[in-house]
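**Q** This one is upload.txt, compact mmCIF, N, CA and C atoms.
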# COMPACT_ATOMS: atom_id res chain seq x y z
N MET A 1 53.98 -43.68 80.63
CA MET A 1 53.50 -45.02 80.43
C MET A 1 52.65 -45.04 79.16
N LEU A 2 52.92 -46.00 78.31
CA LEU A 2 52.16 -46.17 77.07
C LEU A 2 50.95 -47.04 77.35
N ARG A 3 49.79 -46.58 76.99
CA ARG A 3 48.56 -47.36 77.12
C ARG A 3 48.00 -47.58 75.73
N ILE A 4 47.63 -48.81 75.46
CA ILE A 4 47.12 -49.15 74.14
C ILE A 4 45.67 -49.60 74.29
N ALA A 5 44.77 -48.95 73.57
CA ALA A 5 43.36 -49.33 73.58
C ALA A 5 43.14 -50.36 72.48
N VAL A 6 42.89 -51.59 72.88
CA VAL A 6 42.72 -52.64 71.89
C VAL A 6 41.34 -53.27 71.94
N PHE A 7 40.47 -52.70 72.73
CA PHE A 7 39.21 -53.36 73.01
C PHE A 7 38.03 -52.76 72.23
N ARG A 8 36.94 -53.50 72.21
CA ARG A 8 35.78 -53.10 71.43
C ARG A 8 34.53 -52.90 72.29
N ARG A 9 34.15 -53.86 73.08
CA ARG A 9 32.89 -53.82 73.81
C ARG A 9 33.17 -53.68 75.30
N PHE A 10 32.51 -52.71 75.95
CA PHE A 10 32.73 -52.45 77.36
C PHE A 10 31.81 -53.34 78.19
N CYS A 11 32.35 -53.88 79.26
CA CYS A 11 31.59 -54.72 80.18
C CYS A 11 31.33 -53.91 81.45
N LYS A 12 30.06 -53.68 81.80
CA LYS A 12 29.73 -52.85 82.95
C LYS A 12 30.05 -53.50 84.28
N GLU A 13 30.05 -54.84 84.36
CA GLU A 13 30.27 -55.53 85.62
C GLU A 13 31.69 -55.35 86.14
N PHE A 14 32.64 -55.19 85.25
CA PHE A 14 34.02 -54.97 85.64
C PHE A 14 34.71 -54.19 84.53
N PRO A 15 35.77 -53.47 84.87
CA PRO A 15 36.41 -52.59 83.88
C PRO A 15 37.20 -53.35 82.82
N SER A 16 36.50 -53.89 81.86
CA SER A 16 37.14 -54.64 80.80
C SER A 16 36.35 -54.46 79.52
N LEU A 17 37.01 -54.64 78.43
CA LEU A 17 36.37 -54.60 77.12
C LEU A 17 36.73 -55.88 76.39
N TYR A 18 35.83 -56.35 75.54
CA TYR A 18 36.07 -57.62 74.87
C TYR A 18 35.31 -57.66 73.56
N GLY A 19 35.58 -58.67 72.77
CA GLY A 19 34.89 -58.87 71.51
C GLY A 19 35.86 -59.12 70.38
N PRO A 20 35.34 -59.30 69.17
CA PRO A 20 36.18 -59.64 68.01
C PRO A 20 37.26 -58.60 67.70
N LEU A 21 36.96 -57.33 67.85
CA LEU A 21 37.97 -56.30 67.59
C LEU A 21 39.11 -56.39 68.61
N THR A 22 38.76 -56.65 69.85
CA THR A 22 39.77 -56.84 70.89
C THR A 22 40.70 -57.99 70.52
N GLU A 23 40.11 -59.12 70.16
CA GLU A 23 40.89 -60.30 69.83
C GLU A 23 41.79 -60.04 68.62
N HIS A 24 41.25 -59.35 67.62
CA HIS A 24 42.06 -59.01 66.44
C HIS A 24 43.24 -58.12 66.83
N ASN A 25 42.94 -57.06 67.58
CA ASN A 25 43.99 -56.12 67.98
C ASN A 25 45.06 -56.78 68.85
N LEU A 26 44.65 -57.67 69.72
CA LEU A 26 45.63 -58.39 70.54
C LEU A 26 46.56 -59.20 69.65
N GLY A 27 46.04 -59.75 68.58
CA GLY A 27 46.86 -60.54 67.66
C GLY A 27 47.94 -59.74 66.97
N LEU A 28 47.85 -58.42 67.00
CA LEU A 28 48.85 -57.56 66.40
C LEU A 28 50.00 -57.25 67.36
N LEU A 29 49.83 -57.65 68.60
CA LEU A 29 50.81 -57.31 69.64
C LEU A 29 51.67 -58.50 70.01
N HIS A 30 52.73 -58.23 70.76
CA HIS A 30 53.58 -59.26 71.34
C HIS A 30 53.98 -58.78 72.73
N VAL A 31 53.92 -59.67 73.70
CA VAL A 31 54.36 -59.34 75.06
C VAL A 31 55.32 -60.42 75.53
N ASP A 32 56.24 -60.04 76.39
CA ASP A 32 57.16 -61.03 76.94
C ASP A 32 56.46 -61.87 78.00
N ARG A 33 55.75 -61.19 78.93
CA ARG A 33 55.09 -61.91 80.02
C ARG A 33 53.63 -61.51 80.15
N LEU A 34 52.80 -62.51 80.32
CA LEU A 34 51.38 -62.30 80.59
C LEU A 34 51.13 -62.76 82.02
N PHE A 35 50.59 -61.88 82.83
CA PHE A 35 50.17 -62.22 84.18
C PHE A 35 48.66 -62.33 84.14
N ILE A 36 48.14 -63.50 84.52
CA ILE A 36 46.71 -63.73 84.42
C ILE A 36 46.23 -64.47 85.66
N GLY A 37 45.05 -64.13 86.10
CA GLY A 37 44.45 -64.79 87.26
C GLY A 37 43.52 -65.91 86.83
N CYS A 38 42.89 -66.50 87.80
CA CYS A 38 41.91 -67.55 87.51
C CYS A 38 40.88 -67.57 88.63
N THR A 39 39.72 -68.15 88.34
CA THR A 39 38.69 -68.30 89.38
C THR A 39 38.65 -69.71 89.92
N GLY A 40 39.36 -70.61 89.28
CA GLY A 40 39.46 -71.98 89.73
C GLY A 40 40.72 -72.59 89.16
N ALA A 41 41.26 -73.60 89.84
CA ALA A 41 42.48 -74.25 89.37
C ALA A 41 42.49 -75.70 89.83
N ASP A 42 43.12 -76.51 89.01
CA ASP A 42 43.25 -77.93 89.29
C ASP A 42 44.60 -78.35 88.73
N SER A 43 45.47 -78.89 89.55
CA SER A 43 46.83 -79.19 89.09
C SER A 43 46.86 -80.23 87.98
N ALA A 44 45.85 -81.07 87.90
CA ALA A 44 45.82 -82.09 86.85
C ALA A 44 45.23 -81.56 85.55
N ASN A 45 44.26 -80.64 85.65
CA ASN A 45 43.53 -80.18 84.47
C ASN A 45 43.83 -78.76 84.03
N GLY A 46 44.20 -77.89 84.95
CA GLY A 46 44.55 -76.55 84.55
C GLY A 46 43.80 -75.44 85.24
N PHE A 47 43.57 -74.37 84.47
CA PHE A 47 43.08 -73.12 85.04
C PHE A 47 41.74 -72.73 84.42
N TYR A 48 40.90 -72.08 85.23
CA TYR A 48 39.53 -71.80 84.86
C TYR A 48 39.19 -70.32 85.06
N ALA A 49 38.24 -69.86 84.25
CA ALA A 49 37.69 -68.52 84.37
C ALA A 49 36.18 -68.64 84.56
N SER A 50 35.55 -67.59 85.01
CA SER A 50 34.11 -67.65 85.26
C SER A 50 33.27 -67.04 84.14
N ASP A 51 33.90 -66.42 83.15
CA ASP A 51 33.17 -65.69 82.13
C ASP A 51 33.46 -66.24 80.74
N MET A 52 32.45 -66.83 80.12
CA MET A 52 32.61 -67.40 78.78
C MET A 52 32.97 -66.34 77.74
N GLN A 53 32.48 -65.13 77.93
CA GLN A 53 32.75 -64.06 76.96
C GLN A 53 34.22 -63.67 76.93
N LEU A 54 34.94 -63.90 78.02
CA LEU A 54 36.35 -63.54 78.07
C LEU A 54 37.26 -64.67 77.60
N PHE A 55 36.72 -65.86 77.37
CA PHE A 55 37.53 -67.00 76.98
C PHE A 55 38.40 -66.70 75.75
N ALA A 56 37.79 -66.18 74.69
CA ALA A 56 38.55 -65.89 73.46
C ALA A 56 39.62 -64.83 73.71
N GLN A 57 39.34 -63.86 74.55
CA GLN A 57 40.31 -62.83 74.88
C GLN A 57 41.49 -63.43 75.65
N ILE A 58 41.21 -64.31 76.59
CA ILE A 58 42.27 -64.97 77.34
C ILE A 58 43.15 -65.78 76.40
N GLN A 59 42.52 -66.54 75.50
CA GLN A 59 43.28 -67.34 74.54
C GLN A 59 44.15 -66.45 73.65
N ALA A 60 43.61 -65.31 73.21
CA ALA A 60 44.37 -64.39 72.37
C ALA A 60 45.58 -63.82 73.12
N MET A 61 45.38 -63.49 74.39
CA MET A 61 46.49 -62.96 75.18
C MET A 61 47.57 -64.03 75.37
N MET A 62 47.16 -65.27 75.57
CA MET A 62 48.14 -66.35 75.75
C MET A 62 48.95 -66.58 74.48
N ARG A 63 48.32 -66.42 73.32
CA ARG A 63 49.03 -66.63 72.05
C ARG A 63 50.13 -65.61 71.80
N ILE A 64 50.00 -64.40 72.35
CA ILE A 64 50.98 -63.35 72.06
C ILE A 64 52.08 -63.25 73.11
N ALA A 65 52.04 -64.12 74.12
CA ALA A 65 53.01 -64.04 75.22
C ALA A 65 54.10 -65.09 75.11
N ASN A 66 55.32 -64.69 75.42
CA ASN A 66 56.42 -65.64 75.50
C ASN A 66 56.34 -66.49 76.77
N HIS A 67 55.87 -65.88 77.84
CA HIS A 67 55.88 -66.52 79.15
C HIS A 67 54.55 -66.23 79.84
N ILE A 68 53.86 -67.27 80.26
CA ILE A 68 52.55 -67.11 80.91
C ILE A 68 52.69 -67.39 82.39
N VAL A 69 52.29 -66.40 83.19
CA VAL A 69 52.35 -66.50 84.64
C VAL A 69 50.92 -66.45 85.17
N VAL A 70 50.50 -67.52 85.83
CA VAL A 70 49.19 -67.55 86.47
C VAL A 70 49.38 -67.16 87.93
N VAL A 71 48.55 -66.24 88.38
CA VAL A 71 48.60 -65.77 89.77
C VAL A 71 47.29 -66.19 90.43
N SER A 72 47.40 -66.98 91.50
CA SER A 72 46.19 -67.51 92.12
C SER A 72 46.41 -67.80 93.60
N GLU A 73 45.40 -67.51 94.40
CA GLU A 73 45.44 -67.94 95.80
C GLU A 73 45.31 -69.46 95.84
N SER A 74 45.95 -70.07 96.80
CA SER A 74 45.92 -71.53 96.90
C SER A 74 44.51 -72.06 97.13
N ARG A 75 43.63 -71.27 97.73
CA ARG A 75 42.26 -71.73 98.00
C ARG A 75 41.47 -72.01 96.73
N LYS A 76 41.94 -71.52 95.59
CA LYS A 76 41.25 -71.76 94.32
C LYS A 76 41.58 -73.12 93.72
N PHE A 77 42.56 -73.82 94.29
CA PHE A 77 42.92 -75.14 93.77
C PHE A 77 41.91 -76.17 94.22
N SER A 78 41.73 -77.16 93.36
CA SER A 78 40.72 -78.21 93.54
C SER A 78 39.32 -77.63 93.49
N ARG A 79 39.20 -76.47 92.85
CA ARG A 79 37.90 -75.83 92.65
C ARG A 79 37.81 -75.42 91.19
N LYS A 80 37.01 -76.13 90.44
CA LYS A 80 36.85 -75.80 89.03
C LYS A 80 35.83 -74.67 88.89
N SER A 81 35.95 -73.95 87.80
CA SER A 81 35.02 -72.87 87.50
C SER A 81 34.39 -73.15 86.14
N PHE A 82 33.69 -72.20 85.59
CA PHE A 82 32.85 -72.39 84.41
C PHE A 82 33.63 -72.71 83.13
N VAL A 83 34.69 -71.96 82.85
CA VAL A 83 35.39 -72.07 81.57
C VAL A 83 36.85 -72.50 81.78
N HIS A 84 37.22 -73.62 81.21
CA HIS A 84 38.61 -74.09 81.26
C HIS A 84 39.39 -73.36 80.18
N TYR A 85 40.43 -72.60 80.58
CA TYR A 85 41.17 -71.83 79.57
C TYR A 85 42.59 -72.29 79.32
N ALA A 86 43.16 -73.12 80.18
CA ALA A 86 44.54 -73.57 79.93
C ALA A 86 44.86 -74.84 80.70
N ARG A 87 45.62 -75.71 80.04
CA ARG A 87 46.18 -76.88 80.72
C ARG A 87 47.38 -76.41 81.55
N PRO A 88 47.76 -77.17 82.58
CA PRO A 88 48.91 -76.74 83.38
C PRO A 88 50.17 -76.49 82.55
N ALA A 89 50.44 -77.36 81.59
CA ALA A 89 51.66 -77.24 80.78
C ALA A 89 51.66 -75.98 79.90
N GLU A 90 50.53 -75.32 79.73
CA GLU A 90 50.48 -74.08 78.95
C GLU A 90 50.96 -72.88 79.77
N ALA A 91 51.01 -73.04 81.08
CA ALA A 91 51.52 -71.98 81.95
C ALA A 91 52.98 -72.29 82.26
N HIS A 92 53.78 -71.27 82.28
CA HIS A 92 55.19 -71.46 82.61
C HIS A 92 55.44 -71.36 84.11
N THR A 93 54.67 -70.46 84.75
CA THR A 93 54.89 -70.18 86.16
C THR A 93 53.55 -70.01 86.86
N LEU A 94 53.48 -70.49 88.11
CA LEU A 94 52.35 -70.22 88.99
C LEU A 94 52.89 -69.46 90.20
N VAL A 95 52.26 -68.33 90.51
CA VAL A 95 52.58 -67.58 91.72
C VAL A 95 51.38 -67.76 92.65
N THR A 96 51.63 -68.28 93.83
CA THR A 96 50.56 -68.55 94.78
C THR A 96 51.07 -68.33 96.20
N ASP A 97 50.24 -68.69 97.19
CA ASP A 97 50.63 -68.54 98.58
C ASP A 97 51.05 -69.89 99.17
N ALA A 98 51.50 -69.87 100.40
CA ALA A 98 52.05 -71.06 101.04
C ALA A 98 51.00 -72.13 101.34
N GLY A 99 49.73 -71.84 101.13
CA GLY A 99 48.68 -72.81 101.39
C GLY A 99 48.50 -73.87 100.31
N LEU A 100 49.27 -73.79 99.23
CA LEU A 100 49.14 -74.78 98.15
C LEU A 100 49.55 -76.15 98.68
N PRO A 101 48.66 -77.15 98.59
CA PRO A 101 49.01 -78.49 99.07
C PRO A 101 50.23 -79.05 98.33
N PRO A 102 51.11 -79.76 99.04
CA PRO A 102 52.33 -80.30 98.42
C PRO A 102 52.04 -81.17 97.19
N GLN A 103 50.98 -81.97 97.22
CA GLN A 103 50.67 -82.83 96.07
C GLN A 103 50.30 -82.00 94.84
N GLU A 104 49.56 -80.91 95.04
CA GLU A 104 49.21 -80.01 93.92
C GLU A 104 50.50 -79.43 93.33
N ARG A 105 51.40 -79.02 94.21
CA ARG A 105 52.66 -78.43 93.74
C ARG A 105 53.47 -79.45 92.93
N ARG A 106 53.59 -80.68 93.45
CA ARG A 106 54.35 -81.72 92.73
C ARG A 106 53.74 -82.00 91.36
N THR A 107 52.42 -82.08 91.31
CA THR A 107 51.74 -82.35 90.04
C THR A 107 52.02 -81.25 89.03
N LEU A 108 51.98 -80.00 89.46
CA LEU A 108 52.29 -78.88 88.57
C LEU A 108 53.74 -78.92 88.11
N GLU A 109 54.65 -79.13 89.04
CA GLU A 109 56.08 -79.15 88.70
C GLU A 109 56.40 -80.32 87.77
N ASP A 110 55.72 -81.44 87.94
CA ASP A 110 55.92 -82.59 87.05
C ASP A 110 55.51 -82.26 85.61
N GLN A 111 54.64 -81.27 85.45
CA GLN A 111 54.19 -80.85 84.13
C GLN A 111 54.98 -79.65 83.60
N GLY A 112 56.05 -79.28 84.30
CA GLY A 112 56.92 -78.21 83.84
C GLY A 112 56.56 -76.83 84.33
N VAL A 113 55.63 -76.71 85.26
CA VAL A 113 55.24 -75.40 85.79
C VAL A 113 56.15 -75.05 86.97
N ALA A 114 56.78 -73.89 86.89
CA ALA A 114 57.57 -73.40 88.02
C ALA A 114 56.61 -72.80 89.04
N VAL A 115 56.68 -73.24 90.28
CA VAL A 115 55.78 -72.76 91.33
C VAL A 115 56.56 -71.82 92.24
N LEU A 116 56.08 -70.58 92.33
CA LEU A 116 56.69 -69.58 93.19
C LEU A 116 55.72 -69.26 94.32
N ILE A 117 56.20 -69.31 95.55
CA ILE A 117 55.36 -69.00 96.71
C ILE A 117 55.60 -67.53 97.09
N ALA A 118 54.57 -66.73 97.01
CA ALA A 118 54.67 -65.30 97.33
C ALA A 118 55.02 -65.14 98.81
N GLY A 119 56.00 -64.32 99.07
CA GLY A 119 56.39 -64.06 100.44
C GLY A 119 57.17 -65.20 101.06
N GLY A 120 57.44 -66.25 100.30
CA GLY A 120 58.11 -67.41 100.85
C GLY A 120 59.59 -67.48 100.54
N GLY A 121 60.11 -66.49 99.82
CA GLY A 121 61.53 -66.47 99.51
C GLY A 121 61.96 -67.50 98.48
N GLU A 122 60.99 -68.08 97.75
CA GLU A 122 61.34 -69.09 96.73
C GLU A 122 61.42 -68.46 95.37
What does the file become when written as structure tokens?
**A**
Amino acid sequence: MLRIAVFRRFCKEFPSLYGPLTEHNLGLLHVDRLFIGCTGADSANGFYASDMQLFAQIQAMMRIANHIVVVSESRKFSRKSFVHYARPAEAHTLVTDAGLPPQERRTLEDQGVAVLIAGGGE
């Protein structure tokens, strides 16, 4: 497995590195699919993170990806978090559980987001 170190500053709270060097190095890469989580989601407004310092890194990762997949538990919907990082239409796919309310799903699909229910055979 090839591992690429693209980061600059280590964050003690969780195993991640971030900063201007990270963002620059990410800009040199290309990925087919980005799988990213969120701490809050809203089908009308998009996806949220809890850490302002990671916002630029998230944006850099989204710029280098052909396909953006957001992975989130349904309980995070209708719960906004600190930093808004993407509108629904910026994500291509949402992977979630069967607890996603039907109206949230319709709103996402109306914006072009493919909704996949984990374990649901969809």
**Q** Taking into account all atoms listed in the file, which residue in the set A:Lys80, A:Arg33, A:His67, A:Arg75 is nearest to Phe47 in chain A?
**A** A:Lys80
**Q** Out of A:Ile68, A:Ser78, A:Tyr85, A:Leu29, which residue has the shortest atom-to-atom distance to Ala49 in chain A when counting only C-alpha atoms?
**A**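 Smallest distance to Ala49 in chain A is found for A:Tyr85.
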**Q** Could you give me, as a VMD selection string, each residue of chain A that DSSP assigns to alpha helix (DSSP H) when run on this structure's backbone?
**A** chain A and resid 20 to 26 55 to 63 102 to 110
**Q** State, in Å with one decimal place, the distance from atom C of Gln111 in chain A to atom N of Arg63 in chain A.
**A**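 Calculated distance between atom C of Gln111 in chain A and atom N of Arg63 in chain A is 18.0 Å.
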**Q** Restricting the calculation to only C-alpha atoms: of A:Arg87, A:His92, A:Glu23, A:Val31, which residue gets closest to Ile58 in chain A?
**A** A:Glu23
**Q** Using Å and a single decimal, report how far atom C of Gly27 in chain A sits from CA of Val70 in chain A.
**A**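 Interatomic distance here is 21.0 Å.
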**Q** Write down as number ranges by chain the residues belonging to range 60-94 of chain A that are assigned strand (DSSP E or B) by DSSP computed on the backbone.
**A** A: 65-71, 77, 79, 83-86, 93-94
**Q** Hey, could you make a per-residue contact list for range 82-108 of chain A against range 116-119 of chain A with 6 Å as the cut-off, showing the nearest pair of atoms and its distance in Å to one decimal, counting only C-alpha atoms, sorted by chain and number, as a Markdown table?
**A**
| residue | atom | partner | partner_atom | distance |
| --- | --- | --- | --- | --- |
| A:Val95 | CA | A:Leu116 | CA | 4.8 |
| A:Thr96 | CA | A:Ile117 | CA | 5.2 |
| A:Asp97 | CA | A:Ile117 | CA | 5.1 |
| A:Ala98 | CA | A:Ile117 | CA | 5.8 |
**Q** Which one is closest to Arg105 in chain A: A:Ser43, A:Ala86, A:Pro20, A:Tyr48? Count only N, CA and C atoms.
**A** A:Ser43
